[in-house]
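K.L.:
The structure is given below, and queries will be raised subsequently.
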Amino acid sequence: GKHNPIVVDYAKCSPCSALICIGVCPLGVLEKGTDGKPTITDEAYCNRCGVCASLCPTQAITITQNSKSK
């Protein structure tokens with residue numbers, strides 16, 4: 001199956017007022033959702049740079065590794 005390169009654990013997402021993840025994404029993959037939490041606009045643009053995951057204060061974001069197997 002198709003795996004998203006970026007996964008947001010909404011149980012861990014507070015959400016924080018800063019929404020650092022949205023601001024740091026160089027490709028604009030994340031945007032603020034209706035509940036104030038980040039939503040993924042288009043995971044196809046995610047290049048797994050991991051900036052959002054490393055800066056999330058609650059570690060609610062996971063970047064999955066690109067598997068070569070089909």
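Quick note on naming: the chains in the structure tokens go A, B, ... in the order shown, residues restart at 1 in each chain, and ligands are numbered from 1 in order of appearance.
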Mind checking which residues fall within 12 Å of region 13-23 of chain A, counting only C-alpha atoms, ignoring those fewer than 6 positions away in the same chain, and posting them as an MDAnalysis selection string?
P.N.:
chainID A and resid 6:7 29:41 49:62
K.L.:
Please identify the strand (DSSP E) residues within chain A (assignment by DSSP from backbone atoms) and present them as a PyMOL selection string.
P.N.:
chain A and resi 6-8+30-32+38-40+61-63
K.L.:
Include all heavy atoms and write out the residues we just selected as a PDB file, in the first residue's frame.
P.N.:
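Now in selection-v4.pdb:
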```
ATOM      1  N   ILE A   6       4.767  11.586   5.706  1.00  0.00           N
ATOM      2  CA  ILE A   6       4.647  12.342   6.944  1.00  0.00           C
ATOM      3  C   ILE A   6       3.375  11.927   7.672  1.00  0.00           C
ATOM      4  O   ILE A   6       2.316  11.807   7.068  1.00  0.00           O
ATOM      5  CB  ILE A   6       4.655  13.861   6.672  1.00  0.00           C
ATOM      6  CG1 ILE A   6       4.433  14.646   7.967  1.00  0.00           C
ATOM      7  CG2 ILE A   6       3.622  14.233   5.612  1.00  0.00           C
ATOM      8  CD1 ILE A   6       4.587  16.141   7.805  1.00  0.00           C
ATOM      9  N   VAL A   7       3.510  11.650   8.974  1.00  0.00           N
ATOM     10  CA  VAL A   7       2.371  11.231   9.779  1.00  0.00           C
ATOM     11  C   VAL A   7       2.266  12.133  11.001  1.00  0.00           C
ATOM     12  O   VAL A   7       3.252  12.337  11.702  1.00  0.00           O
ATOM     13  CB  VAL A   7       2.517   9.764  10.226  1.00  0.00           C
ATOM     14  CG1 VAL A   7       1.346   9.349  11.110  1.00  0.00           C
ATOM     15  CG2 VAL A   7       2.628   8.854   9.016  1.00  0.00           C
ATOM     16  N   VAL A   8       1.083  12.665  11.238  1.00  0.00           N
ATOM     17  CA  VAL A   8       0.859  13.497  12.410  1.00  0.00           C
ATOM     18  C   VAL A   8       0.041  12.707  13.418  1.00  0.00           C
ATOM     19  O   VAL A   8      -1.060  12.246  13.116  1.00  0.00           O
ATOM     20  CB  VAL A   8       0.125  14.803  12.047  1.00  0.00           C
ATOM     21  CG1 VAL A   8      -0.112  15.648  13.300  1.00  0.00           C
ATOM     22  CG2 VAL A   8       0.908  15.602  11.018  1.00  0.00           C
ATOM     23  N   LEU A  30       2.310  21.384   5.118  1.00  0.00           N
ATOM     24  CA  LEU A  30       1.356  21.487   6.218  1.00  0.00           C
ATOM     25  C   LEU A  30       0.639  22.829   6.217  1.00  0.00           C
ATOM     26  O   LEU A  30       1.213  23.863   5.904  1.00  0.00           O
ATOM     27  CB  LEU A  30       2.082  21.310   7.558  1.00  0.00           C
ATOM     28  CG  LEU A  30       2.747  19.957   7.784  1.00  0.00           C
ATOM     29  CD1 LEU A  30       3.687  20.028   8.967  1.00  0.00           C
ATOM     30  CD2 LEU A  30       1.705  18.873   7.997  1.00  0.00           C
ATOM     31  N   GLU A  31      -0.641  22.791   6.593  1.00  0.00           N
ATOM     32  CA  GLU A  31      -1.375  24.028   6.792  1.00  0.00           C
ATOM     33  C   GLU A  31      -2.292  23.865   7.995  1.00  0.00           C
ATOM     34  O   GLU A  31      -2.572  22.744   8.434  1.00  0.00           O
ATOM     35  CB  GLU A  31      -2.175  24.421   5.548  1.00  0.00           C
ATOM     36  CG  GLU A  31      -3.387  23.576   5.288  1.00  0.00           C
ATOM     37  CD  GLU A  31      -4.180  24.075   4.088  1.00  0.00           C
ATOM     38  OE1 GLU A  31      -3.677  24.938   3.345  1.00  0.00           O
ATOM     39  OE2 GLU A  31      -5.302  23.599   3.906  1.00  0.00           O
ATOM     40  N   LYS A  32      -2.762  24.974   8.530  1.00  0.00           N
ATOM     41  CA  LYS A  32      -3.596  24.926   9.721  1.00  0.00           C
ATOM     42  C   LYS A  32      -4.981  24.411   9.376  1.00  0.00           C
ATOM     43  O   LYS A  32      -5.642  24.920   8.478  1.00  0.00           O
ATOM     44  CB  LYS A  32      -3.694  26.325  10.343  1.00  0.00           C
ATOM     45  CG  LYS A  32      -4.433  26.346  11.670  1.00  0.00           C
ATOM     46  CD  LYS A  32      -4.370  27.726  12.296  1.00  0.00           C
ATOM     47  CE  LYS A  32      -5.073  27.747  13.640  1.00  0.00           C
ATOM     48  NZ  LYS A  32      -4.970  29.065  14.292  1.00  0.00           N
ATOM     49  N   PRO A  38      -2.258  20.945  12.562  1.00  0.00           N
ATOM     50  CA  PRO A  38      -1.756  20.923  11.185  1.00  0.00           C
ATOM     51  C   PRO A  38      -2.417  19.826  10.359  1.00  0.00           C
ATOM     52  O   PRO A  38      -2.630  18.719  10.836  1.00  0.00           O
ATOM     53  CB  PRO A  38      -0.266  20.640  11.354  1.00  0.00           C
ATOM     54  CG  PRO A  38      -0.175  19.919  12.650  1.00  0.00           C
ATOM     55  CD  PRO A  38      -1.241  20.519  13.524  1.00  0.00           C
ATOM     56  N   THR A  39      -2.756  20.152   9.138  1.00  0.00           N
ATOM     57  CA  THR A  39      -3.244  19.148   8.204  1.00  0.00           C
ATOM     58  C   THR A  39      -2.277  19.070   7.033  1.00  0.00           C
ATOM     59  O   THR A  39      -1.645  20.056   6.686  1.00  0.00           O
ATOM     60  CB  THR A  39      -4.652  19.489   7.683  1.00  0.00           C
ATOM     61  OG1 THR A  39      -4.607  20.752   7.030  1.00  0.00           O
ATOM     62  CG2 THR A  39      -5.658  19.542   8.813  1.00  0.00           C
ATOM     63  N   ILE A  40      -2.184  17.902   6.437  1.00  0.00           N
ATOM     64  CA  ILE A  40      -1.273  17.679   5.327  1.00  0.00           C
ATOM     65  C   ILE A  40      -1.988  18.023   4.028  1.00  0.00           C
ATOM     66  O   ILE A  40      -3.016  17.434   3.703  1.00  0.00           O
ATOM     67  CB  ILE A  40      -0.789  16.215   5.311  1.00  0.00           C
ATOM     68  CG1 ILE A  40      -0.092  15.890   6.645  1.00  0.00           C
ATOM     69  CG2 ILE A  40       0.134  15.965   4.131  1.00  0.00           C
ATOM     70  CD1 ILE A  40       0.110  14.416   6.890  1.00  0.00           C
ATOM     71  N   ILE A  61       4.983  14.512  15.200  1.00  0.00           N
ATOM     72  CA  ILE A  61       5.155  14.285  13.768  1.00  0.00           C
ATOM     73  C   ILE A  61       6.228  13.237  13.523  1.00  0.00           C
ATOM     74  O   ILE A  61       7.302  13.287  14.105  1.00  0.00           O
ATOM     75  CB  ILE A  61       5.521  15.593  13.041  1.00  0.00           C
ATOM     76  CG1 ILE A  61       4.450  16.654  13.297  1.00  0.00           C
ATOM     77  CG2 ILE A  61       5.695  15.344  11.538  1.00  0.00           C
ATOM     78  CD1 ILE A  61       4.772  18.001  12.686  1.00  0.00           C
ATOM     79  N   THR A  62       5.903  12.296  12.667  1.00  0.00           N
ATOM     80  CA  THR A  62       6.849  11.248  12.309  1.00  0.00           C
ATOM     81  C   THR A  62       7.090  11.291  10.808  1.00  0.00           C
ATOM     82  O   THR A  62       6.139  11.363  10.024  1.00  0.00           O
ATOM     83  CB  THR A  62       6.309   9.858  12.696  1.00  0.00           C
ATOM     84  OG1 THR A  62       6.009   9.841  14.087  1.00  0.00           O
ATOM     85  CG2 THR A  62       7.341   8.786  12.380  1.00  0.00           C
ATOM     86  N   ILE A  63       8.357  11.260  10.409  1.00  0.00           N
ATOM     87  CA  ILE A  63       8.708  11.166   9.005  1.00  0.00           C
ATOM     88  C   ILE A  63       9.080   9.718   8.722  1.00  0.00           C
ATOM     89  O   ILE A  63      10.002   9.185   9.330  1.00  0.00           O
ATOM     90  CB  ILE A  63       9.893  12.093   8.646  1.00  0.00           C
ATOM     91  CG1 ILE A  63       9.557  13.545   8.986  1.00  0.00           C
ATOM     92  CG2 ILE A  63      10.263  11.950   7.179  1.00  0.00           C
ATOM     93  CD1 ILE A  63       8.421  14.134   8.200  1.00  0.00           C
TER      94      ILE A  63
END
```
K.L.:
From a DSSP pass on the backbone, collect the residues of chain A flagged as alpha helix (DSSP H) and hand them back as a list in words.
P.N.:
Ile20, Cys21, Ile22, Gly23, Val24, Val51, Cys52, Ala53, Ser54 and Leu55 of chain A
K.L.:
Report the distance between CA of Asn66 (chain A) and CA of Pro5 (chain A) in Å, rounded to one decimal place.
P.N.:
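It comes out at 7.2 Å.
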K.L.:
State, in Å with one decimal place, the distance from CA of Leu27 (chain A) to CA of Ala11 (chain A).
P.N.:
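CA of Ala11 (chain A) lies at a distance of 24.6 Å from CA of Leu27 (chain A).
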